[in-house]
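Just final19.txt here, compact mmCIF, C-alpha atoms:
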```txt
# COMPACT_ATOMS: atom_id res chain seq x y z
CA MET A 1 111.02 111.62 89.91
CA ILE A 2 110.33 108.68 87.62
CA THR A 3 109.85 109.56 83.95
CA ILE A 4 108.25 107.07 81.58
CA ASN A 5 108.56 107.73 77.86
CA ILE A 6 105.93 105.78 75.91
CA ALA A 7 107.45 106.51 72.48
CA ASN A 8 110.85 105.15 73.55
CA GLN A 9 109.44 102.48 75.92
CA THR A 10 111.80 103.60 78.68
CA LEU A 11 111.61 104.45 82.37
CA THR A 12 114.23 106.83 83.74
CA TYR A 13 115.04 107.23 87.42
CA LYS A 14 117.98 109.38 88.43
CA ASP A 15 120.71 108.37 85.95
CA THR A 16 119.35 104.90 85.14
CA VAL A 17 117.28 104.08 82.06
CA TYR A 18 115.26 100.86 81.95
CA LEU A 19 113.40 99.30 79.04
CA ILE A 20 109.69 98.87 79.78
CA SER A 21 106.54 97.60 78.11
CA SER A 22 103.45 99.79 78.20
CA ALA A 23 99.94 98.93 76.98
CA ALA A 24 99.44 97.04 73.74
CA ASN A 25 96.27 99.17 73.30
CA GLY A 26 98.20 102.45 73.44
CA VAL A 27 97.55 105.37 75.76
CA GLY A 28 94.34 106.53 77.40
CA GLU A 29 92.54 107.01 80.67
CA ILE A 30 89.19 105.28 80.07
CA GLN A 31 88.15 102.55 82.53
CA GLY A 32 88.32 99.13 80.86
CA SER A 33 90.37 100.37 77.89
CA PHE A 34 93.54 98.45 78.85
CA CYS A 35 95.49 101.60 77.90
CA THR A 36 98.36 103.25 79.75
CA PRO A 37 97.35 106.64 81.20
CA LEU A 38 99.38 109.78 80.57
CA GLY A 39 100.29 112.67 82.86
CA LYS A 40 101.41 113.13 86.44
CA PHE A 41 101.06 110.47 89.11
CA LYS A 42 102.38 109.55 92.51
CA ILE A 43 103.36 106.18 93.93
CA SER A 44 100.48 105.42 96.29
CA GLU A 45 101.68 102.05 97.56
CA LYS A 46 104.71 99.77 97.39
CA ILE A 47 103.80 96.09 97.49
CA GLY A 48 106.01 93.02 97.69
CA ASP A 49 108.94 94.11 99.83
CA ASP A 50 111.22 91.10 100.44
CA LEU A 51 109.33 88.75 98.10
CA GLU A 52 111.43 86.23 96.20
CA LEU A 53 112.39 87.21 92.64
CA GLY A 54 109.58 86.11 90.32
CA SER A 55 106.93 85.80 93.06
CA VAL A 56 103.44 85.87 91.55
CA LEU A 57 100.93 88.45 92.81
CA VAL A 58 97.18 88.37 92.14
CA GLY A 59 95.04 91.21 93.45
CA ARG A 60 98.23 92.63 95.02
CA VAL A 61 98.60 89.50 97.17
CA PRO A 62 101.41 86.95 96.78
CA THR A 63 100.02 83.58 95.67
CA GLY A 64 102.97 81.56 96.97
CA GLU A 65 103.91 80.71 93.39
CA VAL A 66 107.21 81.62 91.77
CA TYR A 67 107.08 82.22 88.04
CA SER A 68 108.54 79.53 85.79
CA LYS A 69 108.31 78.61 82.12
CA LYS A 70 106.33 75.53 83.21
CA LEU A 71 103.80 77.73 85.07
CA PHE A 72 103.54 79.97 82.00
CA ASP A 73 102.94 76.99 79.71
CA GLU A 74 100.19 75.77 82.06
CA GLN A 75 98.49 79.21 82.14
CA PRO A 76 99.49 81.11 78.97
CA GLY A 77 96.66 83.68 79.17
CA ARG A 78 97.40 84.82 82.72
CA ASP A 79 98.39 88.46 83.32
CA TRP A 80 101.73 87.95 85.08
CA ILE A 81 102.40 90.48 87.84
CA LEU A 82 105.67 89.49 89.44
CA SER A 83 108.17 90.41 92.18
CA ARG A 84 107.07 93.97 93.14
CA ILE A 85 104.28 96.49 92.54
CA LEU A 86 104.45 100.29 92.54
CA TRP A 87 100.76 101.28 92.51
CA LEU A 88 100.13 104.56 90.70
CA ASP A 89 97.56 107.21 91.63
CA GLY A 90 96.71 109.98 89.14
CA VAL A 91 97.02 113.55 90.38
CA GLU A 92 95.43 115.34 87.40
CA SER A 93 91.72 115.60 86.60
CA HIS A 94 91.98 113.41 83.48
CA ASN A 95 93.82 110.54 85.25
CA LYS A 96 92.22 110.55 88.72
CA ASN A 97 90.83 107.04 88.03
CA THR A 98 94.30 105.48 87.68
CA LYS A 99 94.36 103.83 91.10
CA GLN A 100 90.85 102.41 90.58
CA ARG A 101 92.05 101.04 87.21
CA TYR A 102 94.84 99.17 89.07
CA ILE A 103 97.65 100.68 87.01
CA TYR A 104 101.04 99.59 88.35
CA ILE A 105 104.69 99.53 87.56
CA HIS A 106 105.46 95.85 88.11
CA GLY A 107 107.76 92.96 87.35
CA SER A 108 107.07 90.79 84.35
CA ALA A 109 108.05 87.40 83.02
CA ASP A 110 111.44 87.64 81.32
CA GLU A 111 109.89 85.92 78.30
CA PHE A 112 107.92 89.12 77.63
CA THR A 113 109.68 91.60 75.38
CA MET A 114 110.68 94.91 76.85
CA GLY A 115 111.07 97.91 74.58
CA LYS A 116 107.71 97.49 72.85
CA PRO A 117 104.08 97.76 74.00
CA GLY A 118 102.48 94.56 75.29
CA SER A 119 100.81 95.08 78.67
CA LYS A 120 97.16 95.48 79.63
CA GLY A 121 97.73 99.07 80.79
CA CYS A 122 100.47 98.74 83.39
CA ILE A 123 104.17 99.44 82.98
CA ARG A 124 106.05 96.13 82.86
CA MET A 125 109.70 95.84 83.83
CA LYS A 126 112.18 93.01 84.09
CA ASN A 127 112.14 91.53 87.59
CA ASN A 128 115.67 92.58 88.58
CA ASP A 129 114.94 96.10 87.31
CA ILE A 130 111.67 96.53 89.27
CA ILE A 131 113.36 95.29 92.45
CA GLN A 132 116.21 97.78 91.97
CA LEU A 133 113.73 100.62 91.34
CA PHE A 134 111.43 99.52 94.20
CA ASN A 135 114.33 99.65 96.66
CA GLN A 136 115.15 103.27 95.71
CA VAL A 137 111.76 105.00 95.48
CA LYS A 138 109.37 106.11 98.20
CA VAL A 139 105.59 106.24 98.53
CA GLY A 140 104.49 109.67 97.31
CA GLU A 141 107.27 109.93 94.74
CA GLU A 142 106.26 111.68 91.52
CA VAL A 143 105.86 109.76 88.26
CA VAL A 144 105.37 111.32 84.83
CA ILE A 145 104.16 109.26 81.89
CA LYS A 146 104.47 111.02 78.56
```

Rewritten as structure tokens:
Amino acid sequence: MITINIANQTLTYKDTVYLISSAANGVGEIQGSFCTPLGKFKISEKIGDDLELGSVLVGRVPTGEVYSKKLFDEQPGRDWILSRILWLDGVESHNKNTKQRYIYIHGSADEFTMGKPGSKGCIRMKNNDIIQLFNQVKVGEEVVIK
């Protein structure tokens, strides 16, 4: 099971603890709120197997781009989803809309600070960390965000 602690900005899997970045807007389950939902989830899909480190995904599809500081400077407002996606699906009545909200655990530009909120609702991780986690977990695995 993956456990995400919003207060500590950490994700724990087995004996490994990773720093993450949850939503800048805090926690919540409302569509369009850009908040991170709380509760129990499952991994519904794993996307990006074998993509190059830093590969850019838009709409869960690789764009062919690889993230760079130059690309960031050219498009500073872009929501960078990189390397891998673990797509979450809520399993409780209050978070059943999680998959439709496109809430993921995903790789992020290393320029973004981990350990403090900053995302648009997703759980951001460093690229090497998301790849390591991605390679260990399975579709259907339980995730708890508290």

Check: atom CA of A:Gln9 to atom CA of A:Ser68: how many Å, to one decimal?
Finding: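 For atom CA of A:Gln9 relative to atom CA of A:Ser68, the distance reads 25.0 Å.
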
May I have the residues within 7 Å of A:Ala24 as a PDB file with C-alpha atoms, in the frame of the given file, using all atoms listed in the file and disregarding those fewer than 5 positions away in the same chain?
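Written file, out_0.pdb:
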```
ATOM      1  CA  PRO A 117     104.080  97.760  74.000  1.00  0.00           C
ATOM      2  CA  GLY A 118     102.480  94.560  75.290  1.00  0.00           C
ATOM      3  CA  SER A 119     100.810  95.080  78.670  1.00  0.00           C
ATOM      4  CA  LYS A 120      97.160  95.480  79.630  1.00  0.00           C
TER       5      LYS A 120
END
```

At a cut-off of 10 Å, can you tabulate as JSON lines every residue of stretch 36-118 of chain A near stretch 2-5 of chain A together with its closest atom pair and the distance in Å to one decimal, using all atoms listed in the file and ordering rows by chain then number?
```
{"residue": "A:Leu38", "atom": "CA", "partner": "A:Ile4", "partner_atom": "CA", "distance": 9.3}
{"residue": "A:Gly39", "atom": "CA", "partner": "A:Ile4", "partner_atom": "CA", "distance": 9.8}
{"residue": "A:Lys40", "atom": "CA", "partner": "A:Thr3", "partner_atom": "CA", "distance": 9.5}
{"residue": "A:Phe41", "atom": "CA", "partner": "A:Ile2", "partner_atom": "CA", "distance": 9.6}
{"residue": "A:Lys42", "atom": "CA", "partner": "A:Ile2", "partner_atom": "CA", "distance": 9.4}
{"residue": "A:Ile43", "atom": "CA", "partner": "A:Ile2", "partner_atom": "CA", "distance": 9.7}
```

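The space between atom CA of A:Asn25 and atom CA of A:Asp110 spans 20.7 Å.
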
Next item on the list: Record the distance separating atom CA of A:Tyr104 and atom CA of A:Gln75, expressed in Å with one decimal.
Entry: 21.5 Å

Next item on the list: Find, counting only C-alpha atoms, the residue in A:Lys70, A:Arg101, A:Lys46, A:His106 that gets nearest to A:Gly28.
Entry: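 Checking each of A:Lys70, A:Arg101, A:Lys46, A:His106 against A:Gly28, counting only C-alpha atoms, the winner is A:Arg101.
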
Item checked: Nearest to A:Val139, chosen from A:Thr16, A:Asn127, A:Asn95, A:Ser44, with all atoms listed in the file counted in the distances -> A:Ser44

Next item on the list: Taking the point (117.5, 103.9, 80.3) as given in the file, collect each protein or nucleic acid residue that comes within 12 Å of it, counting only C-alpha atoms, and present the set as a PyMOL selection string.
Entry: chain A and resi 2-5+8-20+114-115+125+129

Enclosing box along x, y and z for every listed atom of stretch 107-118 of chain A, padded 3 Å each side, centre and size in Å, one decimal, as JSON:
```
{"center_x": 107.0, "center_y": 91.9, "center_z": 80.1, "size_x": 15.0, "size_y": 18.0, "size_z": 20.5}
```

Notebook entry, point to check: Which of these residues is nearest to A:Cys35, using all atoms listed in the file: A:Thr63, A:Asn128, A:Thr98, A:Ser93?
Noted result: A:Thr98

Checklist line | Counting all atoms listed in the file, the option among A:Val27, A:Val137, A:Ile6, A:Ile81 closest to A:Pro62 | finding: A:Ile81

Check: From the list A:Lys96, A:Lys69, A:Arg60, A:Arg84, which residue is nearest A:Ala109 when using only C-alpha atoms?
Finding: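 Of A:Lys96, A:Lys69, A:Arg60, A:Arg84, the one nearest A:Ala109, counting only C-alpha atoms, is A:Lys69.
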